[in-house]
Number of protein chains: 2
Amino acid sequence: MTDELTIWTYDWVPEGPRGFVRDLRLRWAAEEAGLAYGVRTIPFEGRETNHLDRQPFGQVPFLADGDINLFESGACLLHLAGKSERLMPHAASAAADTLQWVIAALNSIEMVTVPWWFLEITGQQDNGLAGWVDMRLAQLESALAGRDWLAADRFTVADLLMADVLRVRKVRARGNRPATEAYVARVTDRPAFRKAHADQLAHFKAAEQK
Amino acid sequence: MTDELTIWTYDWVPEGPRGFVRDLRLRWAAEEAGLAYGVRTIPFEGRETNHLDRQPFGQVPFLADGDINLFESGACLLHLAGKSERLMPHAASAAADTLQWVIAALNSIEMVTVPWWFLEITGQQDNGLAGWVDMRLAQLESALAGRDWLAADRFTVADLLMADVLRVRKVRARGNRPATEAYVARVTDRPAFRKAHADQLAHFKAAEQK
């Protein structure tokens, strides 16, 4: 079984991040693609230094695909997308469309929302990134108006990633953006998301009971 | 000539960002790969709305490759990398190694350094992202110690992108990190970088003289 996928995550996390740890992105993608996978863990305690040989920033997830190992959830998603047209169409133009929206989720939206959120939860409620967040979310609302999916007129890994970025309620609570709300509801209503989400919650709950 | 690459950038920018506008990443990649390309422009003035049909966040660059169009410099780099082994090795494991470091540059380093820099230049010198920047740069310093290139034991598009992220002096000025300094010097000493950098400066200077 050396070609089975293994998704690595923490053995346990506190209540707050449950349902949001990024192994969920990989579980979700594997479920969408119908790829078999196992889940293995590294300790949450000491995470800053206990797996730097596997993930140089001390984070999860990372992925093993036979003898291929990679970290960064965005990179793992693109790797998985290369294995299944259900995640990314093969046609060159549709693949490029998907790729640009994957990177937009990581580098135009999340690059602004995550630091904003970090400042927010560490006590800077009205921090200097708020205007930038609002601008990006307004631009995204315009892009989403009148279409169901970001790329290639169908669900792709770009929707999986963008919806995961936008799932954070604090971010969306900054304004009334009906196309974005409908989009997040549409994408997270997929059975593969619901299974991945439930499985992550069960994983961390089981750890609690040990 | 429908298969020639066209890199789109602004017609003009103020002095400050010259040498840092991200069309440089695409010029550099095309130079490394020996791919022919042209450069075309959209107006800097009115950029918030004048090309949203081409780039939904009003940014540059975007790339045309025959009838394939894509935005996001990271996506354009990965697209170009698919055209040339000089940017990304073909072997699956080395390609995954390259991909993970491309995404790390965008989503683990730049996601912290750019918002920190934005707050810094807008007057919040000791902002709440400083500790996070320092942690990421220390982790990257450890990763760079003892090796010349991030992935696959050779120059790849991951080095191009990471070095471009780290070129911002304000970011690196936050500490003494000799491996990182040597790395940035090594990568930006490449003829392809020097040509792309000089060409961008010349492009904006020529606009000034019109």
# chains A, B, ... in the order shown; residues from 1 in each chain; ligands from 1
>>> select_by_dssp(residues="chain A", states="strand (DSSP E)", output="PDB file with N, CA, C and O atoms, in the first residue's frame")
ATOM      1  N   LEU A   5      -2.488   7.524  -0.112  1.00  0.00           N
ATOM      2  CA  LEU A   5      -2.238   8.873   0.392  1.00  0.00           C
ATOM      3  C   LEU A   5      -2.309   8.891   1.913  1.00  0.00           C
ATOM      4  O   LEU A   5      -3.207   8.287   2.504  1.00  0.00           O
ATOM      5  N   THR A   6      -1.377   9.598   2.526  1.00  0.00           N
ATOM      6  CA  THR A   6      -1.442   9.821   3.965  1.00  0.00           C
ATOM      7  C   THR A   6      -1.459  11.317   4.242  1.00  0.00           C
ATOM      8  O   THR A   6      -0.572  12.049   3.790  1.00  0.00           O
ATOM      9  N   ILE A   7      -2.486  11.747   4.951  1.00  0.00           N
ATOM     10  CA  ILE A   7      -2.606  13.142   5.361  1.00  0.00           C
ATOM     11  C   ILE A   7      -2.139  13.226   6.809  1.00  0.00           C
ATOM     12  O   ILE A   7      -2.656  12.517   7.672  1.00  0.00           O
ATOM     13  N   TRP A   8      -1.174  14.077   7.041  1.00  0.00           N
ATOM     14  CA  TRP A   8      -0.644  14.258   8.399  1.00  0.00           C
ATOM     15  C   TRP A   8      -1.263  15.491   9.045  1.00  0.00           C
ATOM     16  O   TRP A   8      -1.324  16.557   8.445  1.00  0.00           O
ATOM     17  N   THR A   9      -1.707  15.335  10.286  1.00  0.00           N
ATOM     18  CA  THR A   9      -2.241  16.464  11.041  1.00  0.00           C
ATOM     19  C   THR A   9      -1.807  16.329  12.504  1.00  0.00           C
ATOM     20  O   THR A   9      -1.010  15.457  12.845  1.00  0.00           O
ATOM     21  N   TYR A  10      -2.317  17.209  13.367  1.00  0.00           N
ATOM     22  CA  TYR A  10      -1.988  17.106  14.785  1.00  0.00           C
ATOM     23  C   TYR A  10      -2.792  15.995  15.445  1.00  0.00           C
ATOM     24  O   TYR A  10      -3.885  15.635  14.983  1.00  0.00           O
ATOM     25  N   TYR A  37      -7.359   7.477   1.341  1.00  0.00           N
ATOM     26  CA  TYR A  37      -6.327   8.134   2.144  1.00  0.00           C
ATOM     27  C   TYR A  37      -6.419   7.674   3.599  1.00  0.00           C
ATOM     28  O   TYR A  37      -7.476   7.244   4.066  1.00  0.00           O
ATOM     29  N   GLY A  38      -5.293   7.756   4.259  1.00  0.00           N
ATOM     30  CA  GLY A  38      -5.254   7.554   5.699  1.00  0.00           C
ATOM     31  C   GLY A  38      -4.860   8.854   6.363  1.00  0.00           C
ATOM     32  O   GLY A  38      -4.366   9.780   5.706  1.00  0.00           O
ATOM     33  N   VAL A  39      -5.096   8.941   7.668  1.00  0.00           N
ATOM     34  CA  VAL A  39      -4.717  10.130   8.430  1.00  0.00           C
ATOM     35  C   VAL A  39      -3.749   9.695   9.532  1.00  0.00           C
ATOM     36  O   VAL A  39      -4.019   8.735  10.255  1.00  0.00           O
ATOM     37  N   ARG A  40      -2.609  10.357   9.627  1.00  0.00           N
ATOM     38  CA  ARG A  40      -1.659  10.078  10.709  1.00  0.00           C
ATOM     39  C   ARG A  40      -1.338  11.383  11.429  1.00  0.00           C
ATOM     40  O   ARG A  40      -1.625  12.475  10.922  1.00  0.00           O
ATOM     41  N   THR A  41      -0.774  11.264  12.605  1.00  0.00           N
ATOM     42  CA  THR A  41      -0.633  12.463  13.431  1.00  0.00           C
ATOM     43  C   THR A  41       0.784  12.678  13.947  1.00  0.00           C
ATOM     44  O   THR A  41       1.560  11.738  14.122  1.00  0.00           O
ATOM     45  N   ILE A  42       1.080  13.933  14.219  1.00  0.00           N
ATOM     46  CA  ILE A  42       2.265  14.335  14.970  1.00  0.00           C
ATOM     47  C   ILE A  42       1.744  15.114  16.186  1.00  0.00           C
ATOM     48  O   ILE A  42       0.638  15.660  16.152  1.00  0.00           O
ATOM     49  N   PHE A  62       0.741  18.008   6.200  1.00  0.00           N
ATOM     50  CA  PHE A  62       1.596  17.626   5.083  1.00  0.00           C
ATOM     51  C   PHE A  62       1.104  16.297   4.553  1.00  0.00           C
ATOM     52  O   PHE A  62       0.299  15.620   5.200  1.00  0.00           O
ATOM     53  N   LEU A  63       1.557  15.966   3.353  1.00  0.00           N
ATOM     54  CA  LEU A  63       0.954  14.868   2.606  1.00  0.00           C
ATOM     55  C   LEU A  63       2.045  13.910   2.146  1.00  0.00           C
ATOM     56  O   LEU A  63       3.112  14.341   1.722  1.00  0.00           O
ATOM     57  N   ALA A  64       1.761  12.607   2.272  1.00  0.00           N
ATOM     58  CA  ALA A  64       2.632  11.601   1.648  1.00  0.00           C
ATOM     59  C   ALA A  64       1.825  10.890   0.569  1.00  0.00           C
ATOM     60  O   ALA A  64       0.708  10.447   0.821  1.00  0.00           O
ATOM     61  N   ASP A  65       2.406  10.829  -0.604  1.00  0.00           N
ATOM     62  CA  ASP A  65       1.784  10.142  -1.735  1.00  0.00           C
ATOM     63  C   ASP A  65       2.842   9.174  -2.250  1.00  0.00           C
ATOM     64  O   ASP A  65       3.688   9.542  -3.065  1.00  0.00           O
ATOM     65  N   ILE A  68       6.449  10.471  -2.490  1.00  0.00           N
ATOM     66  CA  ILE A  68       6.412  11.932  -2.644  1.00  0.00           C
ATOM     67  C   ILE A  68       5.874  12.544  -1.361  1.00  0.00           C
ATOM     68  O   ILE A  68       4.826  12.135  -0.861  1.00  0.00           O
ATOM     69  N   ASN A  69       6.611  13.496  -0.828  1.00  0.00           N
ATOM     70  CA  ASN A  69       6.170  14.190   0.384  1.00  0.00           C
ATOM     71  C   ASN A  69       6.079  15.666   0.089  1.00  0.00           C
ATOM     72  O   ASN A  69       6.987  16.228  -0.529  1.00  0.00           O
ATOM     73  N   LEU A  70       4.996  16.280   0.550  1.00  0.00           N
ATOM     74  CA  LEU A  70       4.971  17.737   0.420  1.00  0.00           C
ATOM     75  C   LEU A  70       4.137  18.392   1.497  1.00  0.00           C
ATOM     76  O   LEU A  70       3.234  17.768   2.058  1.00  0.00           O
ATOM     77  N   PHE A  71       4.497  19.634   1.789  1.00  0.00           N
ATOM     78  CA  PHE A  71       3.785  20.430   2.780  1.00  0.00           C
ATOM     79  C   PHE A  71       3.153  21.622   2.079  1.00  0.00           C
ATOM     80  O   PHE A  71       3.301  21.785   0.879  1.00  0.00           O
TER      81      PHE A  71
END
>>> interface_residues(of="chain A", to="chain B", cutoff="9 Å", atoms="only C-alpha atoms", output="VMD selection string")
chain A and resid 52 56 to 58 67 to 76 78 to 79 92 to 94 96 to 97 99 to 104 106 to 108 110 to 112 114 to 116 118 to 119 122 124 128 to 129 135 to 136 139 to 140 142 to 143
>>> closest_residue(among="B:Ala130, B:Ala173, B:Leu161, B:Ala207", to="Thr188 (chain B)", atoms="only C-alpha atoms")
B:Leu161
>>> residues_around(residues="Ala196 (chain A)", least_positions_apart="6", cutoff="10 Å", atoms="only C-alpha atoms", output="list in words")
Gly19, Asp23, Leu24, Arg25, Leu26, Arg27, Trp28, Ala29, Ala30, Glu31, Glu32 and Ala202 of chain A
>>> select_by_dssp(residues="chain B", states="alpha helix (DSSP H)", output="PyMOL selection string")
chain B and resi 23-33+73-81+92-104+110-121+130-144+157-166+169-172+178-188+191-208
